[in-house]
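> Please find one structure pasted underneath; my questions will follow.
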Protein chains: 4
Amino acid sequence: MTVEGDRGSRGRDIGRVWMKSDVKKTADTTAGRLRTEWAGRYMPVLGQVRQRFLKEKPLKGVRLAACLHITSETANLAQTLAAGGAEVALCASNPLSTNDEVAAALAEMDGMSVFGIKGEDNETYYGHINATIDMKPVITMDDGADLVSMLHGERKDDAARVTGGTEETTTGVIRLRSLAGQGLLRYPIIAVNDAQTKHFFDNRYGTGQSTIDGILRSTNLLLAGASFVVCGYGWCGRGVAMRARGMGSNVIVCEVDPLRALEAVMDGYRVMSLDEAAAVGDVFVTVTGDCKVLAGPHFERMKDGAIIANSGHFNVEIDIPALEKASKSKRTVRPFVEEYEMKDGRRLHLLGEGRLINLAAAEGHPASVMDMSFANQALSAEYLVREAKKLEKAVHGVPQEIDSRIARIKLETMGISIDQLTAEQEEYLSSWESGT
Amino acid sequence: MTVEGDRGSRGRDIGRVWMKSDVKKTADTTAGRLRTEWAGRYMPVLGQVRQRFLKEKPLKGVRLAACLHITSETANLAQTLAAGGAEVALCASNPLSTNDEVAAALAEMDGMSVFGIKGEDNETYYGHINATIDMKPVITMDDGADLVSMLHGERKDDAARVTGGTEETTTGVIRLRSLAGQGLLRYPIIAVNDAQTKHFFDNRYGTGQSTIDGILRSTNLLLAGASFVVCGYGWCGRGVAMRARGMGSNVIVCEVDPLRALEAVMDGYRVMSLDEAAAVGDVFVTVTGDCKVLAGPHFERMKDGAIIANSGHFNVEIDIPALEKASKSKRTVRPFVEEYEMKDGRRLHLLGEGRLINLAAAEGHPASVMDMSFANQALSAEYLVREAKKLEKAVHGVPQEIDSRIARIKLETMGISIDQLTAEQEEYLSSWESGT
Amino acid sequence: MTVEGDRGSRGRDIGRVWMKSDVKKTADTTAGRLRTEWAGRYMPVLGQVRQRFLKEKPLKGVRLAACLHITSETANLAQTLAAGGAEVALCASNPLSTNDEVAAALAEMDGMSVFGIKGEDNETYYGHINATIDMKPVITMDDGADLVSMLHGERKDDAARVTGGTEETTTGVIRLRSLAGQGLLRYPIIAVNDAQTKHFFDNRYGTGQSTIDGILRSTNLLLAGASFVVCGYGWCGRGVAMRARGMGSNVIVCEVDPLRALEAVMDGYRVMSLDEAAAVGDVFVTVTGDCKVLAGPHFERMKDGAIIANSGHFNVEIDIPALEKASKSKRTVRPFVEEYEMKDGRRLHLLGEGRLINLAAAEGHPASVMDMSFANQALSAEYLVREAKKLEKAVHGVPQEIDSRIARIKLETMGISIDQLTAEQEEYLSSWESGT
Amino acid sequence: MTVEGDRGSRGRDIGRVWMKSDVKKTADTTAGRLRTEWAGRYMPVLGQVRQRFLKEKPLKGVRLAACLHITSETANLAQTLAAGGAEVALCASNPLSTNDEVAAALAEMDGMSVFGIKGEDNETYYGHINATIDMKPVITMDDGADLVSMLHGERKDDAARVTGGTEETTTGVIRLRSLAGQGLLRYPIIAVNDAQTKHFFDNRYGTGQSTIDGILRSTNLLLAGASFVVCGYGWCGRGVAMRARGMGSNVIVCEVDPLRALEAVMDGYRVMSLDEAAAVGDVFVTVTGDCKVLAGPHFERMKDGAIIANSGHFNVEIDIPALEKASKSKRTVRPFVEEYEMKDGRRLHLLGEGRLINLAAAEGHPASVMDMSFANQALSAEYLVREAKKLEKAVHGVPQEIDSRIARIKLETMGISIDQLTAEQEEYLSSWESGT
């Protein structure tokens, strides 16, 4: 693979070796720009950060490699980082999630280095990640930790110059904690995912809505009355469950954690083992962060016509090789819908090749939630520029102060005012004498 | 306009003058066929009717003109009618709602007369309706009463040979009742819309889900936390309100009927006049069946960024001329999103040109609900062939027996069994002596 | 039984033979009065009727026998009727539903004839109905048709002087329609139950909330996570299902009507036969209007600890004799909770002796819904005084005009304003020419 | 106050100075016992602990003072502790929350020292706490930290012999953390409140349901359509909001924390300042843990008929002195409902004197949630007996192992089975190499 190949080197030549792009050549950049502006309207918090960055240039001269879903929201983040003075190289964090129009617009109109083409193969995918490392970043931004993994694997030598990084997802944070736990992490990471203004909103409301959206766009299935199985009751899972119920489905939750399973019961859902659920579900969605959640034995039990989708980060949650093996043929019956005919004649429908359905078949999280996630990203990058050297090589939370400020600005932009504690109330909360 | 023009006369020539089509030439018929099969999977009740029709041919030789949204579900209905022996001519009931792939597949693969191209202009639209009348139908099927209106207007002479018709929508039924009330209706109509298995499901669950779907596809807006104004609290309106709440919106209902308004209050929604709602809504959806529901004074009060959509039958619910007049410019910012810039700088976003958003930007009602609506259509057509001559020239309900049978089959196909009254319980219900 | 016995003849002697009462002697009339006033606060529509009645005296001299649940809301109705000039005799329509304090206050403070003592035996119950007939009523008001049944049975002779009546419940209307159908109904009845401002609100929101309330008061059971079986998906049943889900229960619906069963499926509930549901339910509520809904075979399959309640009008919905027979012992374990120990050791808990749990263990419908039901009663009584002679001996609906007026006043008292159709909109709705 | 006074010294004399009780003399102990058994049925996890305690006697000879709401669930905890060998002295943690029948049954039938009478005055309340300290406890159990506060205030000398304690509530934990923060805490405390099986369930599902229950029992208000203001969106607040919405109310949330406020917005509630909410609410519930949440300026703006309740731990959340001052008279209009007539004629209704409404007017958390809270209490007491000496004088969490075990047993007792991670899945979760 030649990243600077003619497939789409659309960046303007601005005289730097790495300042190249690989995007879809034929993509409509005007449409990409309009999409980016549309998203920007729903990202007022990031917009405020951008205004300040333009003035203060806190990222001046910082080389930043970002491995993120290349969507219209990400384009707003990239522009914000650039407004702060950073040199940004952006690559896709998933082969299916790139919006080609948006990517092309960023490369051509903003002159940014962008590497991502919807539907790229694995070789291209990793080539794109490599391309961002070629720009010698000092800060990394990850969504699933593929970039940081490469910097701890085959591109180890390039890790030395990195001073810090951020990570967007639960999955990535799990991987990075594991790395740090083994003493192998080579620079400090800010777990943007752990910011309350991120995971409370993005994982729950974002994944919830966009997963439903992806399923509807790919199937046009009536959700009312359908038995909808949600595998995993973390923040993402409860978002999906809540919205599926909101659309009239009868929701079944499968979990491995007894506490979360109990919460699902109390929330009014049926809870059962996946073996039991497999036989009754009309739709299955995995959001666990783990592998082989839906596997051979489940496919055996599913009903004719069952629909299977994943909204977790990686496409390992559904054991596709097992599905391939158990079926006698497959064909595409609608965009994003593969029909597997099983040996006994049942047909199972896999959506979006098992990749995150909200990005594969829909547009990912709405801009309004990404607003806060990406404000966290931008402010964490600024924080790293100032503080990375003082931080341990570990996974750190987003500073509380950043988190609260983002929530407060978000409310303001919605025209909502809330109360403040009076001095007496503050004091009451911190006293222990007052009682019954 | 030449209906047999080269824009798409794809029907096989089967030796009859009227057996022509006008569909999109370049449309992918294989995709259309797959879509039609996909819908068919979720239409088991209609499927059972089709199997019987194939054997019994109850519509043998009947010329039937159908003016319906040309979707993959309608294709299944058309095939069912043809299976029953009917000669079917199908035209679009809305200029924006045709699925070109499906239309082309019907024309080319089934050899049916199909007249509809997504985005056709008004002249073509009415030309298509005329084309179906040219086939000299004895039965009509309407969705909005445009076909029957033409047969009572400029094509009056052709009404004489029509023995009966059906009507799918609330809007159409209102128009036809008005016509009958004035003594002008020239043949009996079965109000399919009034079947319980139709309007309880199609209007509520179908419109509810597909309206949300259309809004998401066109805007990718985060519904959670949005103020969502539903104008009209009929069956469609309560479907939309229920689903908007299910997606996390804060729903406001506007109504003119005090009883429905009270129901909305008790259902936990805020109820207010449109004047008040205009100032607080983030999204507005009209589903009233009436005209100028959202009009000049409302546009004046709306917030910058407000989103306006219609899910009622005709695009008269939003007063678009008033919107045009109040704005200084407009541009398309996303597919199906027109941004109007108002004189004071506010931007209002009109979706799908004010046509039903669930068909304009999404795929209309899911097949599973259309299954029952269209089983009613097919069985009503069969009923008309047998009984039309005995019926008054009025609007009639679907025979109760048809309605119940459809519900019962639907449950069976879902694998659900319900109880039956015992003889003792039947008797108890019909007695008056037993008391406290 | 001597109705004027010393158990509670508390009415002031106002010189008429029938002006006696039988209420609980020791009841606290001040508390009863306060309860009545409390309810009155939430009955502004009835309050407006009362103000007008006071001035216009439309019921002047009319003898009216009312067989209703004697609650604080009914007290407001009785006072309104009296304000209109009627002479009212009130008896209980259920042996368990009388609020003794309220009954005593009405008798003593308002000098009304009141016959009802909570927990009265069957003999007393029918004695009380007889007592109201002794006052020679010309108008009857029923809640379940026990009064009218007696006037068509053993007190036939007294039916001659009755000019008309009203009926409050679905159950009563079913009985009366059966009576009319057999040509036996001796005077016209207004089915107050069929008013939209009655059954849309009272049956759904009233029964829904108060059934949950009755179950909580009698059991203090955690509803979140419980499997809650609702038998019957009429207006009452859907109210109960909606509220049970709102409290976090996993709701299962059992129905005999396929259409309603389908609606329940689409509303997201599980639907199954009672045989299946019996084995999985934690709580069972019957709201069908029919007999032996929960019977021997179901009791056999229920889990240890199952809770069984009825919210339908009569206590025939649960087959208590079968339960008695299948069990080896019973005891009261909490107020309103009978524990039946089955032969295999399982314990089933019957609430409120199978009588309507919302009145037995809670306070019945909240005043706010009874406001509209009883405004319908009062205005229907007024209508009967004027029009009864012209009406057929059949079951009639509440005049539409009364229904709409009540809805409109109710909204006004809530401070809610709604829109009105413009002339153009009115015209549009009644035209058939305007189309796509 | 003489705690051993004749008001209720019903304990059997078992030869120890402190083995006395002060409970309501006339209470029906049989009813109290039945209530305790009823609760026990819904406490299977605590039941399993009790069985083991009976065999293993892990608390043998331990003197334990418990200041808890004396309900039927607490009785089960007390019996479990006694089964483990502890000598238990139990006093009320709130003057209004004692169930007299249960308290009397515990004292008389179990021979336990119980100090609590519903409605006791402040002097008696503190006398009762003192009485438990008189028994020279080595372990304390608190619900709101009043017992531990006394041991750090006027009974300081008695703190020396205490080795550890537990605390049930958020409020208590806040107070204790403040104490520990000032370096004043004299023995280690296990924050039972912080166990996930406690606060995720008890605070949310318990408080949610029982608050609604308390409001219904005291007012019989129709919640459908009411504007319901929830002050505080912590675990308790979101439980109350969720249930109020489930009953059909239109819920408004007031918060001081921007993040929680945002969550409430995304959950579909309206969020506004209390000043704004005061003018629109029909019902107000405080669940903040702070003081003067509803105060003078809010009372000024409330509508005639507004209902005010508190479900937070202490009755300081509503500024009752301010309410008294702003009103010209008050009277009790229903049990637990005080009507304040304001100077301008508006009437405000305060429920349960501002004390936690779920205990004042209803029965507190259902047994099923207390099951887990109290299993945590019992197992934490066992843990303290073993480990207290090794613990710092600080507030500690419940050991994770206890928390998980409780969740697992709870699910088992509900007949629910969940999945377990495979070895491959465990490994996947802890690896960082596997990627896209």
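Here, A, B, ... name the chains of the structure tokens in the order displayed, residue numbers run from 1 inside each chain, and ligands are numbered from 1 in the same displayed order.
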Could you list the residues in chain A lying within 12 Å of chain C, using only C-alpha atoms, and format the result as a PyMOL selection string?
chain A and resi 222-228+244-252+261-271+280
> Can you tell me which residues surround segment 313-325 of chain A at a distance of at most 10 Å, considering only C-alpha atoms, apart from same-chain residues fewer than 4 positions away, and format the answer as an MDAnalysis selection string?
(chainID A and resid 93:94 143:144 169:172 231 285:300 308:309 329:330 340:343 348 350 352:357) or (chainID D and resid 425 434:436)
> Quick one: residues within 9 Å of Ala277 of chain B, only C-alpha atoms, excluding same-chain residues fewer than 2 positions away - as a PyMOL selection string?
chain B and resi 229+252-254+271-275+279-281+298+302
> Okay, now the selection with all heavy atoms, as an mmCIF file, in the first residue's frame?

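Saved result, selection.cif, follows:
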data_model
loop_
_atom_site.group_PDB
_atom_site.id
_atom_site.type_symbol
_atom_site.label_atom_id
_atom_site.label_comp_id
_atom_site.auth_asym_id
_atom_site.auth_seq_id
_atom_site.Cartn_x
_atom_site.Cartn_y
_atom_site.Cartn_z
ATOM 1 N N VAL B 229 -41.977 19.151 19.551
ATOM 2 C CA VAL B 229 -43.376 19.570 19.494
ATOM 3 C C VAL B 229 -44.138 18.714 18.483
ATOM 4 O O VAL B 229 -43.760 18.661 17.314
ATOM 5 C CB VAL B 229 -43.483 21.059 19.102
ATOM 6 C CG1 VAL B 229 -44.944 21.481 19.020
ATOM 7 C CG2 VAL B 229 -42.720 21.912 20.107
ATOM 8 N N ILE B 252 -43.857 18.098 23.665
ATOM 9 C CA ILE B 252 -44.946 19.063 23.837
ATOM 10 C C ILE B 252 -46.004 18.742 22.785
ATOM 11 O O ILE B 252 -45.664 18.517 21.626
ATOM 12 C CB ILE B 252 -44.425 20.500 23.621
ATOM 13 C CG1 ILE B 252 -43.428 20.854 24.735
ATOM 14 C CG2 ILE B 252 -45.575 21.506 23.559
ATOM 15 C CD1 ILE B 252 -42.598 22.081 24.428
ATOM 16 N N VAL B 253 -47.257 18.684 23.199
ATOM 17 C CA VAL B 253 -48.331 18.365 22.259
ATOM 18 C C VAL B 253 -49.212 19.598 22.049
ATOM 19 O O VAL B 253 -49.556 20.292 23.006
ATOM 20 C CB VAL B 253 -49.182 17.189 22.791
ATOM 21 C CG1 VAL B 253 -50.436 17.005 21.940
ATOM 22 C CG2 VAL B 253 -48.368 15.896 22.811
ATOM 23 N N CYS B 254 -49.553 19.850 20.787
ATOM 24 C CA CYS B 254 -50.516 20.914 20.461
ATOM 25 C C CYS B 254 -51.739 20.271 19.813
ATOM 26 O O CYS B 254 -51.590 19.419 18.931
ATOM 27 C CB CYS B 254 -49.887 21.924 19.508
ATOM 28 S SG CYS B 254 -48.443 22.731 20.230
ATOM 29 N N VAL B 271 -48.872 20.349 27.288
ATOM 30 C CA VAL B 271 -49.810 20.751 26.241
ATOM 31 C C VAL B 271 -49.900 22.263 26.279
ATOM 32 O O VAL B 271 -50.022 22.849 27.356
ATOM 33 C CB VAL B 271 -51.200 20.118 26.483
ATOM 34 C CG1 VAL B 271 -52.216 20.672 25.501
ATOM 35 C CG2 VAL B 271 -51.118 18.604 26.385
ATOM 36 N N MET B 272 -49.818 22.869 25.117
ATOM 37 C CA MET B 272 -49.918 24.330 25.065
ATOM 38 C C MET B 272 -50.340 24.733 23.660
ATOM 39 O O MET B 272 -50.418 23.895 22.758
ATOM 40 C CB MET B 272 -48.577 24.968 25.436
ATOM 41 C CG MET B 272 -47.406 24.524 24.584
ATOM 42 S SD MET B 272 -45.809 25.269 25.122
ATOM 43 C CE MET B 272 -45.393 24.259 26.527
ATOM 44 N N SER B 273 -50.627 25.999 23.492
ATOM 45 C CA SER B 273 -50.981 26.477 22.164
ATOM 46 C C SER B 273 -49.720 26.523 21.312
ATOM 47 O O SER B 273 -48.601 26.597 21.828
ATOM 48 C CB SER B 273 -51.592 27.872 22.258
ATOM 49 O OG SER B 273 -50.595 28.789 22.653
ATOM 50 N N LEU B 274 -49.886 26.472 20.004
ATOM 51 C CA LEU B 274 -48.725 26.508 19.123
ATOM 52 C C LEU B 274 -47.946 27.811 19.247
ATOM 53 O O LEU B 274 -46.726 27.823 19.084
ATOM 54 C CB LEU B 274 -49.165 26.286 17.671
ATOM 55 C CG LEU B 274 -48.716 24.936 17.137
ATOM 56 C CD1 LEU B 274 -49.317 24.652 15.792
ATOM 57 C CD2 LEU B 274 -47.199 24.865 17.050
ATOM 58 N N ASP B 275 -48.645 28.857 19.574
ATOM 59 C CA ASP B 275 -47.940 30.125 19.779
ATOM 60 C C ASP B 275 -46.912 30.008 20.891
ATOM 61 O O ASP B 275 -45.784 30.470 20.769
ATOM 62 C CB ASP B 275 -48.949 31.226 20.155
ATOM 63 C CG ASP B 275 -49.317 32.058 18.937
ATOM 64 O OD1 ASP B 275 -48.897 31.672 17.826
ATOM 65 O OD2 ASP B 275 -50.017 33.058 19.102
ATOM 66 N N ALA B 279 -42.038 29.008 20.515
ATOM 67 C CA ALA B 279 -40.868 29.657 21.097
ATOM 68 C C ALA B 279 -39.935 28.688 21.826
ATOM 69 O O ALA B 279 -38.788 29.017 22.095
ATOM 70 C CB ALA B 279 -41.315 30.755 22.063
ATOM 71 N N VAL B 280 -40.407 27.499 22.155
ATOM 72 C CA VAL B 280 -39.569 26.600 22.962
ATOM 73 C C VAL B 280 -39.118 25.335 22.228
ATOM 74 O O VAL B 280 -38.213 24.647 22.683
ATOM 75 C CB VAL B 280 -40.275 26.186 24.276
ATOM 76 C CG1 VAL B 280 -40.507 27.407 25.147
ATOM 77 C CG2 VAL B 280 -41.578 25.458 23.996
ATOM 78 N N GLY B 281 -39.727 25.020 21.087
ATOM 79 C CA GLY B 281 -39.415 23.767 20.420
ATOM 80 C C GLY B 281 -38.062 23.747 19.727
ATOM 81 O O GLY B 281 -37.632 24.753 19.175
ATOM 82 N N HIS B 298 -45.845 31.480 13.698
ATOM 83 C CA HIS B 298 -45.008 30.497 14.399
ATOM 84 C C HIS B 298 -43.553 30.621 13.959
ATOM 85 O O HIS B 298 -42.639 30.575 14.784
ATOM 86 C CB HIS B 298 -45.545 29.089 14.157
ATOM 87 C CG HIS B 298 -47.001 28.961 14.432
ATOM 88 N ND1 HIS B 298 -47.896 28.513 13.498
ATOM 89 C CD2 HIS B 298 -47.734 29.258 15.534
ATOM 90 C CE1 HIS B 298 -49.106 28.546 14.004
ATOM 91 N NE2 HIS B 298 -49.039 28.988 15.241
ATOM 92 N N MET B 302 -39.941 31.037 16.334
ATOM 93 C CA MET B 302 -39.064 29.878 16.515
ATOM 94 C C MET B 302 -37.618 30.268 16.792
ATOM 95 O O MET B 302 -37.156 31.314 16.385
ATOM 96 C CB MET B 302 -39.124 28.990 15.269
ATOM 97 C CG MET B 302 -40.417 28.204 15.166
ATOM 98 S SD MET B 302 -40.405 27.136 13.694
ATOM 99 C CE MET B 302 -42.103 26.489 13.765
#
> So the first atom is atom CA of Ala195 of chain C and the second is atom CA of Ala362 of chain C; what is the distance between them in Å, to one decimal place?
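Distance between the two atoms: 25.1 Å.
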> At a cut-off of 6 Å, using only C-alpha atoms, what residues contact segment 235-238 of chain C? Leave out same-chain residues fewer than 5 positions from it and give the result as a list in words.
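Near segment 235-238 of chain C, the qualifying residues are Asn203, Arg204, Thr207 and Val287 of chain C.
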> Write the residues you've just listed into a file as a JSON list (two decimals), in the first residue's frame, and include all heavy atoms for each of them.

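Produced file out.json, reproduced below:
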[["chain", "number", "residue", "atom", "x", "y", "z"],
["C", 203, "ASN", "N", -61.17, 5.12, 33.64],
["C", 203, "ASN", "CA", -60.77, 3.73, 33.48],
["C", 203, "ASN", "C", -59.26, 3.58, 33.33],
["C", 203, "ASN", "O", -58.66, 2.64, 33.84],
["C", 203, "ASN", "CB", -61.46, 3.11, 32.26],
["C", 203, "ASN", "CG", -62.96, 3.01, 32.45],
["C", 203, "ASN", "OD1", -63.51, 3.55, 33.42],
["C", 203, "ASN", "ND2", -63.64, 2.34, 31.54],
["C", 204, "ARG", "N", -58.68, 4.50, 32.61],
["C", 204, "ARG", "CA", -57.27, 4.34, 32.30],
["C", 204, "ARG", "C", -56.38, 4.93, 33.40],
["C", 204, "ARG", "O", -55.64, 4.21, 34.06],
["C", 204, "ARG", "CB", -56.98, 5.02, 30.96],
["C", 204, "ARG", "CG", -55.63, 4.73, 30.41],
["C", 204, "ARG", "CD", -55.54, 5.06, 28.91],
["C", 204, "ARG", "NE", -56.48, 6.08, 28.49],
["C", 204, "ARG", "CZ", -56.34, 6.81, 27.38],
["C", 204, "ARG", "NH1", -55.29, 6.61, 26.60],
["C", 204, "ARG", "NH2", -57.23, 7.71, 27.04],
["C", 207, "THR", "N", -58.03, 3.96, 37.27],
["C", 207, "THR", "CA", -57.82, 2.57, 37.65],
["C", 207, "THR", "C", -56.33, 2.24, 37.65],
["C", 207, "THR", "O", -55.84, 1.51, 38.51],
["C", 207, "THR", "CB", -58.55, 1.63, 36.67],
["C", 207, "THR", "OG1", -59.92, 2.00, 36.65],
["C", 207, "THR", "CG2", -58.42, 0.19, 37.09],
["C", 287, "VAL", "N", -58.74, -7.44, 35.20],
["C", 287, "VAL", "CA", -59.54, -6.25, 34.87],
["C", 287, "VAL", "C", -60.28, -6.55, 33.57],
["C", 287, "VAL", "O", -60.11, -5.85, 32.57],
["C", 287, "VAL", "CB", -58.68, -4.99, 34.66],
["C", 287, "VAL", "CG1", -58.62, -4.15, 35.91],
["C", 287, "VAL", "CG2", -57.27, -5.33, 34.17]]
> Just how far from atom CA of Ala278 of chain A is atom CA of Asp304 of chain A, in Å to one decimal?
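Value for the atom CA of Asp304 of chain A-atom CA of Ala278 of chain A distance: 11.4 Å.
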> Would you please give, as a VMD selection string, all residues of segment 227-359 of chain C that DSSP assigns to strand (DSSP E or B) based on the backbone?
chain C and resid 227 to 231 250 to 254 270 to 271 283 to 286 294 307 to 310 318 327 to 334 337 to 342 347 to 351 356
> So the first atom is atom CA of Met414 of chain B and the second is atom CA of Asn358 of chain B; what is the distance between them in Å, to one decimal place?
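Computing it gives 25.4 Å between the two atoms.
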> Choose the residue, out of C:Leu81, C:Val256, C:Val102, C:Leu359, that has the smallest atom-to-atom separation from Gly234 of chain C; count only C-alpha atoms.
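The answer is C:Val256, which sits nearest to Gly234 of chain C.
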> Show me, as a list of chain:residue names, the residues that have an atom within 7 Å of Arg33 of chain B when counting only C-alpha atoms, minus same-chain residues fewer than 4 positions from it.
B:Thr29, B:Glu37, B:Val102, B:Ala105
> To test your reading of the structure, identify every residue in segment 195-427 of chain D that backbone DSSP assigns to helix (DSSP H, G or I), and report it as a count of residues only.
113
> Just want the 8 Å neighbourhood of Ala306 of chain D, counted on only C-alpha atoms, with same-chain residues fewer than 5 positions away dropped. Output as a PDB file with C-alpha atoms, in the first residue's frame.

ATOM      1  CA  GLY D 281     -45.044  22.686  40.217  1.00  0.00           C
ATOM      2  CA  ASP D 282     -48.069  20.840  41.576  1.00  0.00           C
ATOM      3  CA  VAL D 283     -45.898  18.561  43.740  1.00  0.00           C
ATOM      4  CA  PHE D 284     -42.420  19.204  45.159  1.00  0.00           C
ATOM      5  CA  ARG D 347     -52.904  27.105  50.543  1.00  0.00           C
ATOM      6  CA  LEU D 348     -49.720  25.017  50.609  1.00  0.00           C
ATOM      7  CA  HIS D 349     -49.801  21.416  51.783  1.00  0.00           C
TER       8      HIS D 349
END
